[in-house]
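Printed here is data.json (JSON, C-alpha atoms):
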[["chain", "number", "residue", "atom", "x", "y", "z"],
["A", 108, "MET", "CA", -8.33, -33.37, -11.52],
["A", 109, "TYR", "CA", -10.33, -33.58, -8.26],
["A", 110, "THR", "CA", -10.54, -36.80, -6.32],
["A", 111, "THR", "CA", -13.72, -36.02, -4.40],
["A", 112, "ASP", "CA", -16.60, -33.58, -4.48],
["A", 113, "GLU", "CA", -15.46, -32.31, -1.06],
["A", 114, "GLU", "CA", -12.03, -31.28, -2.40],
["A", 115, "ARG", "CA", -13.66, -29.51, -5.34],
["A", 116, "THR", "CA", -16.04, -27.66, -3.00],
["A", 117, "GLU", "CA", -13.15, -26.53, -0.80],
["A", 118, "THR", "CA", -11.31, -25.23, -3.84],
["A", 119, "GLU", "CA", -14.39, -23.37, -5.07],
["A", 120, "GLU", "CA", -14.93, -21.96, -1.57],
["A", 121, "GLU", "CA", -11.29, -20.81, -1.39],
["A", 122, "ARG", "CA", -11.68, -19.14, -4.78],
["A", 123, "ARG", "CA", -14.80, -17.29, -3.57],
["A", 124, "LYS", "CA", -12.99, -16.16, -0.41],
["A", 125, "LYS", "CA", -10.06, -14.90, -2.48],
["A", 126, "MET", "CA", -12.40, -12.95, -4.77],
["A", 127, "LEU", "CA", -14.15, -11.46, -1.73],
["A", 128, "ARG", "CA", -10.81, -10.43, -0.18],
["A", 129, "ARG", "CA", -9.80, -8.74, -3.43],
["A", 130, "ALA", "CA", -13.09, -6.89, -3.63],
["A", 131, "LEU", "CA", -12.85, -5.76, 0.00],
["A", 132, "GLY", "CA", -9.27, -4.60, -0.56],
["A", 133, "SER", "CA", -10.38, -2.54, -3.53],
["A", 134, "VAL", "CA", -13.21, -1.02, -1.50],
["A", 135, "LYS", "CA", -10.78, -0.17, 1.33],
["A", 136, "ASP", "CA", -8.41, 1.51, -1.15],
["A", 137, "GLN", "CA", -11.25, 3.55, -2.65],
["A", 138, "ALA", "CA", -12.44, 4.55, 0.84],
["A", 139, "SER", "CA", -8.94, 5.73, 1.76],
["A", 140, "ILE", "CA", -8.75, 7.77, -1.44],
["A", 141, "GLY", "CA", -12.19, 9.25, -0.72],
["A", 142, "ILE", "CA", -11.14, 10.25, 2.79],
["A", 143, "ALA", "CA", -8.02, 11.94, 1.44],
["A", 144, "ILE", "CA", -10.05, 13.84, -1.15],
["A", 145, "ALA", "CA", -12.75, 14.87, 1.34],
["A", 146, "GLY", "CA", -10.24, 16.65, 3.51],
["A", 147, "GLY", "CA", -9.21, 14.03, 6.01],
["A", 148, "SER", "CA", -5.57, 14.60, 5.11],
["A", 149, "CYS", "CA", -3.12, 17.48, 5.25],
["A", 150, "ALA", "CA", -1.56, 16.32, 1.95],
["A", 151, "PRO", "CA", -4.31, 14.63, -0.07],
["A", 152, "ASP", "CA", -2.27, 14.36, -3.29],
["A", 153, "LEU", "CA", 0.44, 12.52, -1.38],
["A", 154, "ASP", "CA", -2.02, 10.21, 0.39],
["A", 155, "ILE", "CA", -3.78, 9.34, -2.86],
["A", 156, "ALA", "CA", -0.48, 8.46, -4.56],
["A", 157, "LEU", "CA", 0.54, 6.42, -1.51],
["A", 158, "VAL", "CA", -2.72, 4.42, -1.44],
["A", 159, "LYS", "CA", -2.51, 3.79, -5.18],
["A", 160, "ALA", "CA", 1.15, 2.72, -4.92],
["A", 161, "THR", "CA", 0.39, 0.32, -2.06],
["A", 162, "SER", "CA", -2.92, -1.01, -3.36],
["A", 163, "HIS", "CA", -4.29, -4.44, -2.47],
["A", 164, "GLU", "CA", -3.87, -5.64, -6.07],
["A", 165, "GLU", "CA", -1.35, -8.43, -6.56],
["A", 166, "VAL", "CA", 0.61, -6.49, -9.19],
["A", 167, "PRO", "CA", 3.92, -4.60, -8.92],
["A", 168, "ILE", "CA", 3.90, -1.01, -7.70],
["A", 169, "ASN", "CA", 3.01, 1.34, -10.53],
["A", 170, "GLU", "CA", 6.13, 3.41, -11.28],
["A", 171, "ARG", "CA", 3.95, 6.45, -11.95],
["A", 172, "TYR", "CA", 2.97, 6.66, -8.27],
["A", 173, "VAL", "CA", 6.54, 6.08, -7.10],
["A", 174, "GLN", "CA", 7.71, 8.98, -9.28],
["A", 175, "GLU", "CA", 4.86, 11.14, -8.00],
["A", 176, "LEU", "CA", 5.85, 10.42, -4.39],
["A", 177, "LEU", "CA", 9.52, 11.08, -5.13],
["A", 178, "HIS", "CA", 8.54, 14.38, -6.72],
["A", 179, "LEU", "CA", 6.20, 15.42, -3.90],
["A", 180, "THR", "CA", 8.70, 14.60, -1.16],
["A", 181, "SER", "CA", 11.34, 16.67, -2.92],
["A", 182, "TYR", "CA", 9.19, 19.80, -2.38],
["A", 183, "SER", "CA", 9.43, 20.27, 1.35],
["A", 184, "ARG", "CA", 10.07, 18.61, 4.68],
["A", 185, "GLY", "CA", 6.35, 18.90, 5.36],
["A", 186, "TYR", "CA", 5.63, 16.47, 2.53],
["A", 187, "VAL", "CA", 8.43, 14.20, 3.72],
["A", 188, "ALA", "CA", 6.99, 14.12, 7.25],
["A", 189, "ALA", "CA", 3.48, 13.51, 5.90],
["A", 190, "CYS", "CA", 4.79, 10.68, 3.71],
["A", 191, "VAL", "CA", 6.62, 8.98, 6.59],
["A", 192, "THR", "CA", 3.54, 9.30, 8.81],
["A", 193, "SER", "CA", 1.18, 7.99, 6.13],
["A", 194, "LEU", "CA", 3.47, 5.08, 5.24],
["A", 195, "ALA", "CA", 3.83, 4.10, 8.89],
["A", 196, "LYS", "CA", 0.07, 4.34, 9.43],
["A", 197, "ARG", "CA", -0.70, 2.27, 6.32],
["A", 198, "LEU", "CA", 1.84, -0.37, 7.27],
["A", 199, "SER", "CA", 0.68, -0.61, 10.89],
["A", 200, "LYS", "CA", -3.02, -0.89, 10.02],
["A", 201, "THR", "CA", -2.87, -3.43, 7.21],
["A", 202, "HIS", "CA", -3.46, -7.15, 7.57],
["A", 203, "ASN", "CA", -2.78, -7.74, 3.89],
["A", 204, "TRP", "CA", 0.61, -9.09, 2.84],
["A", 205, "VAL", "CA", 0.47, -7.34, -0.55],
["A", 206, "VAL", "CA", -0.01, -3.90, 1.03],
["A", 207, "ALA", "CA", 2.76, -4.62, 3.57],
["A", 208, "ILE", "CA", 5.27, -5.70, 0.92],
["A", 209, "LYS", "CA", 4.43, -2.72, -1.27],
["A", 210, "ALA", "CA", 4.77, -0.31, 1.66],
["A", 211, "LEU", "CA", 8.17, -1.75, 2.56],
["A", 212, "SER", "CA", 9.30, -1.69, -1.08],
["A", 213, "LEU", "CA", 8.13, 1.89, -1.42],
["A", 214, "THR", "CA", 9.98, 2.85, 1.77],
["A", 215, "HIS", "CA", 13.15, 1.29, 0.36],
["A", 216, "ARG", "CA", 12.71, 3.13, -2.92],
["A", 217, "LEU", "CA", 12.17, 6.47, -1.16],
["A", 218, "LEU", "CA", 15.27, 5.84, 0.95],
["A", 219, "THR", "CA", 17.48, 5.00, -2.02],
["A", 220, "ASP", "CA", 16.16, 7.41, -4.66],
["A", 221, "GLY", "CA", 14.46, 10.11, -2.62],
["A", 222, "ASP", "CA", 15.46, 13.19, -0.74],
["A", 223, "PRO", "CA", 17.94, 12.62, 2.13],
["A", 224, "ALA", "CA", 15.37, 14.30, 4.38],
["A", 225, "PHE", "CA", 13.25, 11.13, 4.05],
["A", 226, "GLU", "CA", 15.89, 9.04, 5.84],
["A", 227, "HIS", "CA", 16.32, 11.73, 8.48],
["A", 228, "GLU", "CA", 12.56, 11.96, 9.06],
["A", 229, "LEU", "CA", 12.27, 8.18, 9.23],
["A", 230, "GLN", "CA", 15.00, 8.02, 11.88],
["A", 231, "PHE", "CA", 13.53, 10.93, 13.81],
["A", 232, "GLY", "CA", 10.05, 9.44, 13.65],
["A", 233, "ARG", "CA", 11.28, 6.10, 14.97],
["A", 234, "ALA", "CA", 13.19, 7.80, 17.77],
["A", 235, "SER", "CA", 10.14, 9.79, 18.84],
["A", 236, "GLY", "CA", 7.84, 6.77, 18.63],
["A", 237, "SER", "CA", 5.86, 7.75, 15.52]]

When written as structure tokens, how does the structure in this file appear?
Amino acid sequence: MYTTDEERTETEEERRKKMLRRALGSVKDQASIGIAIAGGSCAPDLDIALVKATSHEEVPINERYVQELLHLTSYSRGYVAACVTSLAKRLSKTHNWVVAIKALSLTHRLLTDGDPAFEHELQFGRASGS
């Protein structure tokens, strides 16, 4: 399978790096959830669902969190604005391709299946530089 010990070592090293990245991603997700719970957010339930929907795990978005976000953003424009702000913040801060893809997929889903106010808020936020 391996031609040299050096190639095997590189593969083992890559595997360790990947495991470390996964662990750090999980820690970052848990820290974000903890901050939302501790009061660092105006809509902690929304932020928790958003972090869980856009987790660092290389698995599809859990439909449960998508439905929760669709439900929460149907309540009021305040939740819609908080969702747009949180999504934009999460997307702009991440260096992880999984989180970025999930955030973009979630944005698409909220645009297609969510309240029309989401699209309006997204356009307004972009126009005002948010």

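Note that the spacing between atom CA of A:Glu165 and atom CA of A:Arg128 amounts to 11.6 Å.
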
query: Distance atom CA of A:Asp220-atom CA of A:Leu177, one decimal place?
result: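 It comes out at 7.6 Å.
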
task: For atom CA of A:Cys149 and atom CA of A:Val187, quote the distance in Å rounded to one decimal.
output: 12.1 Å

Spatial neighbours of A:Ile140, 12 Å, all atoms listed in the file, chain gap at least 4 places, as a PDB file with C-alpha atoms, in the coordinates of the input:
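Dumped everything to around_3.pdb:
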ATOM      1  CA  SER A 133     -10.380  -2.540  -3.530  1.00  0.00           C
ATOM      2  CA  VAL A 134     -13.210  -1.020  -1.500  1.00  0.00           C
ATOM      3  CA  LYS A 135     -10.780  -0.170   1.330  1.00  0.00           C
ATOM      4  CA  ASP A 136      -8.410   1.510  -1.150  1.00  0.00           C
ATOM      5  CA  ILE A 144     -10.050  13.840  -1.150  1.00  0.00           C
ATOM      6  CA  ALA A 145     -12.750  14.870   1.340  1.00  0.00           C
ATOM      7  CA  GLY A 146     -10.240  16.650   3.510  1.00  0.00           C
ATOM      8  CA  GLY A 147      -9.210  14.030   6.010  1.00  0.00           C
ATOM      9  CA  SER A 148      -5.570  14.600   5.110  1.00  0.00           C
ATOM     10  CA  ALA A 150      -1.560  16.320   1.950  1.00  0.00           C
ATOM     11  CA  PRO A 151      -4.310  14.630  -0.070  1.00  0.00           C
ATOM     12  CA  ASP A 152      -2.270  14.360  -3.290  1.00  0.00           C
ATOM     13  CA  LEU A 153       0.440  12.520  -1.380  1.00  0.00           C
ATOM     14  CA  ASP A 154      -2.020  10.210   0.390  1.00  0.00           C
ATOM     15  CA  ILE A 155      -3.780   9.340  -2.860  1.00  0.00           C
ATOM     16  CA  ALA A 156      -0.480   8.460  -4.560  1.00  0.00           C
ATOM     17  CA  LEU A 157       0.540   6.420  -1.510  1.00  0.00           C
ATOM     18  CA  VAL A 158      -2.720   4.420  -1.440  1.00  0.00           C
ATOM     19  CA  LYS A 159      -2.510   3.790  -5.180  1.00  0.00           C
ATOM     20  CA  ALA A 160       1.150   2.720  -4.920  1.00  0.00           C
ATOM     21  CA  THR A 161       0.390   0.320  -2.060  1.00  0.00           C
ATOM     22  CA  SER A 162      -2.920  -1.010  -3.360  1.00  0.00           C
TER      23      SER A 162
END

- request: Can you pull out every residue within 12 Å of stretch 124-126 of chain A, counting all atoms listed in the file, but drop anything in the same chain fewer than 5 positions away, and send it as number ranges by chain?
  value: A: 117-119, 131-133, 163-165

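Distances from A:Leu127, A:Ala143, A:Ala189, A:Leu218 to A:Val173 were compared using all atoms listed in the file, and the smallest one belongs to A:Leu218.
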
- prompt: So, counting all atoms listed in the file, which residue among A:Leu211, A:Leu217, A:Ala224, A:Ile168 is closest to A:Ala195?
  reply: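 For A:Ala195, the nearest of the candidates is A:Leu211.
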